[in-house]
$ cat coords-v5.txt   # compact mmCIF, C-alpha atoms
# COMPACT_ATOMS: atom_id res chain seq x y z
CA LEU A 638 48.31 67.27 61.50
CA LEU A 639 52.00 66.49 62.11
CA PHE A 640 51.05 63.04 63.43
CA VAL A 641 49.03 62.30 60.27
CA LEU A 642 51.84 63.55 58.05
CA PHE A 643 54.41 61.48 59.99
CA SER A 644 52.16 58.40 59.76
CA CYS A 645 51.80 58.74 55.98
CA VAL A 646 55.54 59.28 55.51
CA ASN A 647 56.32 56.34 57.80
CA ALA A 648 53.88 54.12 55.86
CA GLN A 649 55.55 55.11 52.58
CA GLU A 650 59.02 54.36 54.00
CA GLN A 651 57.82 50.95 55.18
CA GLN A 652 56.25 50.30 51.77
CA HIS A 653 59.52 50.95 49.94
CA LYS A 654 61.12 48.27 52.10
CA LYS A 655 58.40 45.79 51.02
CA LEU A 656 59.11 45.57 47.31
CA THR A 657 60.16 41.97 47.63
CA VAL A 658 57.38 39.54 46.90
CA THR A 659 56.18 37.10 49.51
CA VAL A 660 55.22 33.55 48.67
CA SER A 661 51.63 32.56 49.23
CA SER A 662 49.20 30.16 47.66
CA VAL A 663 45.49 30.41 47.09
CA GLN A 664 45.19 27.25 44.99
CA ASP A 665 45.54 23.66 46.09
CA SER A 666 48.63 21.59 45.32
CA SER A 667 47.08 20.11 42.16
CA PHE A 668 46.87 23.57 40.52
CA VAL A 669 49.19 23.62 37.50
CA ILE A 670 50.60 26.86 36.14
CA PRO A 671 51.29 26.64 32.40
CA GLN A 672 54.80 27.94 31.63
CA GLU A 673 53.47 30.38 29.03
CA PHE A 674 51.37 32.12 31.71
CA ARG A 675 54.20 32.73 34.21
CA ALA A 676 54.72 36.44 34.81
CA ASN A 677 58.16 37.17 33.37
CA ARG A 678 57.52 40.86 32.69
CA PHE A 679 55.19 43.66 33.79
CA ASP A 680 53.71 46.56 31.79
CA TYR A 681 51.32 49.38 32.59
CA PRO A 682 47.54 48.70 32.52
CA VAL A 683 46.78 51.65 30.21
CA GLY A 684 48.47 53.25 27.20
CA LYS A 685 50.13 49.92 26.40
CA PRO A 686 52.89 49.27 27.42
CA ASP A 687 54.19 52.55 28.94
CA ALA A 688 51.03 54.48 29.98
CA LYS A 689 51.26 56.75 26.93
CA GLU A 690 48.57 59.49 27.03
CA TYR A 691 47.83 58.73 30.72
CA PHE A 692 48.91 60.13 34.08
CA ASN A 693 48.83 58.80 37.62
CA ALA A 694 46.29 61.17 39.21
CA GLN A 695 46.55 59.75 42.73
CA LYS A 696 49.66 57.75 43.47
CA PHE A 697 50.12 54.95 45.93
CA GLY A 698 50.49 56.32 49.46
CA LYS A 699 49.05 59.78 48.69
CA ASN A 700 46.22 60.41 51.16
CA ALA A 701 46.68 56.78 52.35
CA HIS A 702 45.74 55.53 48.85
CA LEU A 703 46.44 51.81 48.36
CA GLY A 704 46.78 51.94 44.60
CA ASP A 705 47.34 54.18 41.58
CA ASP A 706 44.53 56.06 39.81
CA TRP A 707 45.18 56.19 36.07
CA ASN A 708 43.48 58.96 34.06
CA GLY A 709 43.63 59.95 30.41
CA LEU A 710 45.43 63.23 29.70
CA GLY A 711 42.08 64.78 28.70
CA GLY A 712 40.81 64.49 32.28
CA GLY A 713 37.17 64.11 33.31
CA ASP A 714 35.50 61.23 31.50
CA SER A 715 37.75 61.50 28.43
CA ASP A 716 39.07 57.99 29.06
CA LEU A 717 35.68 56.33 29.64
CA GLY A 718 35.67 53.06 27.70
CA ASP A 719 39.43 53.05 27.01
CA PRO A 720 41.15 49.63 27.17
CA ILE A 721 42.56 48.13 30.36
CA TYR A 722 45.36 45.61 29.90
CA ALA A 723 46.70 42.84 32.14
CA ILE A 724 49.93 44.13 33.69
CA ALA A 725 51.42 40.62 33.51
CA SER A 726 50.43 37.11 32.56
CA GLY A 727 48.35 35.30 35.15
CA TYR A 728 45.12 33.72 36.30
CA VAL A 729 41.87 35.68 36.69
CA THR A 730 40.44 34.83 40.10
CA TYR A 731 37.65 37.42 40.29
CA ALA A 732 35.56 39.41 37.81
CA ILE A 733 32.49 40.76 39.60
CA ASP A 734 30.35 43.88 39.92
CA HIS A 735 31.46 44.32 43.53
CA ASN A 736 29.38 47.28 44.77
CA ASP A 737 28.51 50.88 43.88
CA SER A 738 31.75 52.35 45.19
CA TRP A 739 33.96 49.81 43.42
CA GLY A 740 31.89 48.94 40.36
CA ASN A 741 33.27 46.10 38.25
CA VAL A 742 36.45 44.63 39.75
CA ILE A 743 38.94 42.22 38.18
CA ARG A 744 41.64 40.40 40.17
CA ILE A 745 44.54 38.50 38.58
CA THR A 746 47.13 36.35 40.35
CA HIS A 747 50.59 36.54 38.75
CA TYR A 748 53.04 33.65 39.22
CA LEU A 749 56.64 34.85 39.08
CA PRO A 750 59.55 32.65 37.91
CA ASP A 751 60.81 32.28 41.51
CA SER A 752 57.41 30.72 42.50
CA SER A 753 56.29 33.84 44.38
CA GLN A 754 52.97 35.51 43.59
CA VAL A 755 51.48 38.98 43.38
CA GLU A 756 47.89 39.98 42.70
CA SER A 757 46.66 42.90 40.62
CA LEU A 758 43.24 44.46 41.20
CA TYR A 759 41.53 46.65 38.57
CA ALA A 760 38.54 48.64 39.84
CA HIS A 761 35.74 50.87 38.48
CA CYS A 762 35.75 49.00 35.14
CA ASN A 763 33.03 49.84 32.62
CA GLU A 764 33.20 46.44 30.92
CA MET A 765 34.89 43.23 32.00
CA LEU A 766 36.19 41.17 29.08
CA VAL A 767 37.42 38.26 31.20
CA THR A 768 35.84 35.83 33.63
CA ALA A 769 37.12 34.05 36.72
CA ASN A 770 39.20 30.90 36.13
CA GLN A 771 40.72 32.21 32.90
CA TRP A 772 44.40 32.56 31.97
CA VAL A 773 45.56 35.86 30.44
CA SER A 774 48.84 37.03 28.91
CA VAL A 775 50.62 40.29 29.62
CA GLY A 776 49.03 43.04 27.51
CA ASP A 777 45.73 41.22 26.90
CA GLN A 778 42.76 43.57 27.09
CA ILE A 779 40.77 42.56 30.16
CA GLY A 780 38.24 45.39 30.38
CA THR A 781 37.52 49.07 29.80
CA ILE A 782 37.90 52.11 32.03
CA GLY A 783 34.73 53.03 33.87
CA ASN A 784 33.34 55.28 36.57
CA ALA A 785 31.86 52.81 39.09
CA HIS A 786 28.35 53.20 37.66
CA GLY A 787 28.61 57.01 37.53
CA ASN A 788 29.96 57.51 41.05
CA TYR A 789 33.29 59.04 39.92
CA LYS A 790 34.92 60.60 36.90
CA ALA A 791 36.26 57.76 34.73
CA HIS A 792 39.60 56.31 35.83
CA LEU A 793 41.28 53.00 36.57
CA HIS A 794 42.10 52.24 40.20
CA LEU A 795 44.98 49.71 40.14
CA GLU A 796 46.24 47.93 43.24
CA LEU A 797 49.11 45.46 43.51
CA ARG A 798 49.30 43.12 46.47
CA ASN A 799 52.09 40.83 47.64
CA GLU A 800 49.58 38.99 49.83
CA VAL A 801 47.27 37.17 47.44
CA GLY A 802 43.61 36.87 48.42
CA LEU A 803 43.21 39.88 50.72
CA PRO A 804 39.65 41.28 50.86
CA VAL A 805 38.80 43.82 48.15
CA GLY A 806 39.10 46.47 50.88
CA GLY A 807 38.32 50.16 50.80
CA GLY A 808 41.10 51.52 48.60
CA TYR A 809 42.52 53.69 51.40
CA SER A 810 44.37 52.79 54.58
CA ARG A 811 47.45 53.83 56.51
CA ASP A 812 48.11 50.09 56.99
CA THR A 813 49.85 49.05 53.78
CA ARG A 814 50.73 45.50 54.81
CA GLY A 815 50.14 43.25 51.82
CA TYR A 816 50.22 46.13 49.29
CA VAL A 817 53.04 47.41 47.10
CA ASP A 818 53.41 50.56 45.01
CA PRO A 819 52.15 49.44 41.56
CA THR A 820 54.25 51.89 39.52
CA GLN A 821 57.41 51.18 41.45
CA PHE A 822 56.86 47.42 41.15
CA ILE A 823 56.13 47.58 37.40
CA GLU A 824 59.26 49.67 36.77
CA ALA A 825 61.39 47.25 38.80
CA HIS A 826 59.94 44.21 36.97
CA ARG A 827 59.71 45.23 33.30
CA VAL A 828 61.66 42.02 32.55
CA ILE A 829 62.24 39.30 35.14
CA SER A 830 65.22 37.00 34.77
CA GLU A 831 64.51 33.31 35.23
CA THR A 832 67.48 33.23 37.62
CA ASN A 833 66.14 35.93 40.01
$ encode --input "coords-v5.txt" --output "structure tokens"
Amino acid sequence: LLFVLFSCVNAQEQQHKKLTVTVSSVQDSSFVIPQEFRANRFDYPVGKPDAKEYFNAQKFGKNAHLGDDWNGLGGGDSDLGDPIYAIASGYVTYAIDHNDSWGNVIRITHYLPDSSQVESLYAHCNEMLVTANQWVSVGDQIGTIGNAHGNYKAHLHLELRNEVGLPVGGGYSRDTRGYVDPTQFIEAHRVISETN
């Protein structure tokens, strides 16, 4: 038990050191990023823009969780069908009914002013209102909160990755390489200076 606790604490300490974004590219060199879709600020994916009427039911790192689970204050399925918003401007790379445990999953690559990238993943969606190869702006509604086809109580599982293009994964792991704490990152990047 102490080993597991130490491993989780160690993983969290390592994660806090990884808040800087790494540069990676999943598109070829001819891919052009329109200036208006650069990610110059980040907001929460629910209760626009500050998660009003929502709480983080399972935070990043808790029980080796690789994301944040956002629930409405009413609990249960009270937030089923509520809007999900893009946390920043970017390019939708994936919008697929992945499998029963994940349900509908949306992935968006965000291009920061310093040319680095991060990727947000939104899982268990009820509806997807975007398709792959589409640009979105911060705060655009991209889907609705779901329950992975009835497998869970309704909530949004949000992951943020500083390694773009990782596999969808399992949502839990003690190995947090390539993942960052979504809430911590959003709070640190509410507005991004062009000179950063």
$ residues_around --input "coords-v5.txt" --residues "Gly727 in chain A" --least-positions-apart "4" --cutoff "7 Å" --atoms "only C-alpha atoms" --output "ChimeraX atom specification"
/A:674-676,745-748,772-774
$ atom_distance --input "coords-v5.txt" --atom1 "CA of Leu795 in chain A" --atom2 "CA of Asp812 in chain A"
17.1 Å
$ residues_around --input "coords-v5.txt" --residues "Glu796 in chain A" --least-positions-apart "6" --cutoff "12 Å" --atoms "only C-alpha atoms" --output "NGL selection string"
:A and (681-682 or 695-698 or 702-707 or 724 or 742-746 or 755-761 or 803 or 805-809 or 813 or 815-823)
$ closest_residue --input "coords-v5.txt" --among "A:Arg827, A:His735, A:His792, A:Arg678" --to "Pro750 in chain A" --atoms "only C-alpha atoms"
A:Arg678
$ atom_distance --input "coords-v5.txt" --atom1 "CA of Ser715 in chain A" --atom2 "CA of Gly787 in chain A"
13.7 Å
$ atom_distance --input "coords-v5.txt" --atom1 "CA of Asp716 in chain A" --atom2 "CA of Ala688 in chain A"
12.5 Å
$ closest_residue --input "coords-v5.txt" --among "A:Val828, A:Ala701, A:Cys762, A:Val669" --to "Asn784 in chain A" --atoms "all atoms listed in the file"
A:Cys762
$ closest_residue --input "coords-v5.txt" --among "A:Gly709, A:Tyr731, A:Leu717, A:Lys685" --to "Tyr789 in chain A" --atoms "all atoms listed in the file"
A:Leu717
$ residues_near_point --input "coords-v5.txt" --point "(51.2, 40.0, 51.2)" --cutoff "7 Å" --atoms "only C-alpha atoms" --output "ChimeraX atom specification"
/A:659,798-801,814-816
$ closest_residue --input "coords-v5.txt" --among "A:Gly684, A:Tyr728, A:Leu710, A:Ala791" --to "Ile670 in chain A" --atoms "only C-alpha atoms"
A:Tyr728
$ residues_around --input "coords-v5.txt" --residues "Asn708 in chain A" --least-positions-apart "3" --cutoff "9 Å" --atoms "only C-alpha atoms" --output "PyMOL selection string"
chain A and resi 683+690-694+711-716+791-793
$ closest_residue --input "coords-v5.txt" --among "A:Leu766, A:Ile829, A:Ile733, A:Ile782" --to "Pro720 in chain A" --atoms "all atoms listed in the file"
A:Ile782
$ closest_residue --input "coords-v5.txt" --among "A:Ser667, A:Asn741, A:Gln778, A:Asn788" --to "Ala723 in chain A" --atoms "only C-alpha atoms"
A:Gln778
$ build_atoms --input "coords-v5.txt" --residues "range 728-747 of chain A" --atoms "N, CA and C atoms" --output "mmCIF file, keeping the file's coordinate frame"
data_model
loop_
_atom_site.group_PDB
_atom_site.id
_atom_site.type_symbol
_atom_site.label_atom_id
_atom_site.label_comp_id
_atom_site.auth_asym_id
_atom_site.auth_seq_id
_atom_site.Cartn_x
_atom_site.Cartn_y
_atom_site.Cartn_z
ATOM 1 N N TYR A 728 46.373 34.463 36.184
ATOM 2 C CA TYR A 728 45.120 33.720 36.300
ATOM 3 C C TYR A 728 44.058 34.631 36.920
ATOM 4 N N VAL A 729 42.965 34.837 36.196
ATOM 5 C CA VAL A 729 41.870 35.680 36.690
ATOM 6 C C VAL A 729 41.135 34.910 37.788
ATOM 7 N N THR A 730 41.102 35.484 38.971
ATOM 8 C CA THR A 730 40.440 34.830 40.100
ATOM 9 C C THR A 730 39.104 35.470 40.441
ATOM 10 N N TYR A 731 38.811 36.642 39.857
ATOM 11 C CA TYR A 731 37.650 37.420 40.290
ATOM 12 C C TYR A 731 37.293 38.396 39.187
ATOM 13 N N ALA A 732 36.058 38.427 38.778
ATOM 14 C CA ALA A 732 35.560 39.410 37.810
ATOM 15 C C ALA A 732 34.088 39.620 38.123
ATOM 16 N N ILE A 733 33.822 40.593 39.012
ATOM 17 C CA ILE A 733 32.490 40.760 39.600
ATOM 18 C C ILE A 733 32.141 42.238 39.716
ATOM 19 N N ASP A 734 30.847 42.559 39.559
ATOM 20 C CA ASP A 734 30.350 43.880 39.920
ATOM 21 C C ASP A 734 30.287 43.887 41.445
ATOM 22 N N HIS A 735 31.283 44.467 42.084
ATOM 23 C CA HIS A 735 31.460 44.320 43.530
ATOM 24 C C HIS A 735 30.439 45.115 44.345
ATOM 25 N N ASN A 736 30.376 46.416 44.122
ATOM 26 C CA ASN A 736 29.380 47.280 44.770
ATOM 27 C C ASN A 736 29.437 48.651 44.104
ATOM 28 N N ASP A 737 28.575 49.568 44.541
ATOM 29 C CA ASP A 737 28.510 50.880 43.880
ATOM 30 C C ASP A 737 29.817 51.659 43.963
ATOM 31 N N SER A 738 30.528 51.557 45.074
ATOM 32 C CA SER A 738 31.750 52.350 45.190
ATOM 33 C C SER A 738 32.912 51.754 44.396
ATOM 34 N N TRP A 739 32.901 50.457 44.178
ATOM 35 C CA TRP A 739 33.960 49.810 43.420
ATOM 36 C C TRP A 739 33.577 49.550 41.966
ATOM 37 N N GLY A 740 32.296 49.327 41.707
ATOM 38 C CA GLY A 740 31.890 48.940 40.360
ATOM 39 C C GLY A 740 32.448 47.576 40.007
ATOM 40 N N ASN A 741 32.716 47.375 38.725
ATOM 41 C CA ASN A 741 33.270 46.100 38.250
ATOM 42 C C ASN A 741 34.737 45.995 38.644
ATOM 43 N N VAL A 742 35.086 44.857 39.251
ATOM 44 C CA VAL A 742 36.450 44.630 39.750
ATOM 45 C C VAL A 742 36.991 43.329 39.166
ATOM 46 N N ILE A 743 38.229 43.389 38.698
ATOM 47 C CA ILE A 743 38.940 42.220 38.180
ATOM 48 C C ILE A 743 40.181 42.011 39.043
ATOM 49 N N ARG A 744 40.432 40.749 39.419
ATOM 50 C CA ARG A 744 41.640 40.400 40.170
ATOM 51 C C ARG A 744 42.378 39.311 39.411
ATOM 52 N N ILE A 745 43.696 39.469 39.297
ATOM 53 C CA ILE A 745 44.540 38.500 38.580
ATOM 54 C C ILE A 745 45.715 38.128 39.478
ATOM 55 N N THR A 746 45.949 36.822 39.637
ATOM 56 C CA THR A 746 47.130 36.350 40.350
ATOM 57 C C THR A 746 48.237 36.108 39.324
ATOM 58 N N HIS A 747 49.423 36.652 39.633
ATOM 59 C CA HIS A 747 50.590 36.540 38.750
ATOM 60 C C HIS A 747 51.630 35.655 39.421
#
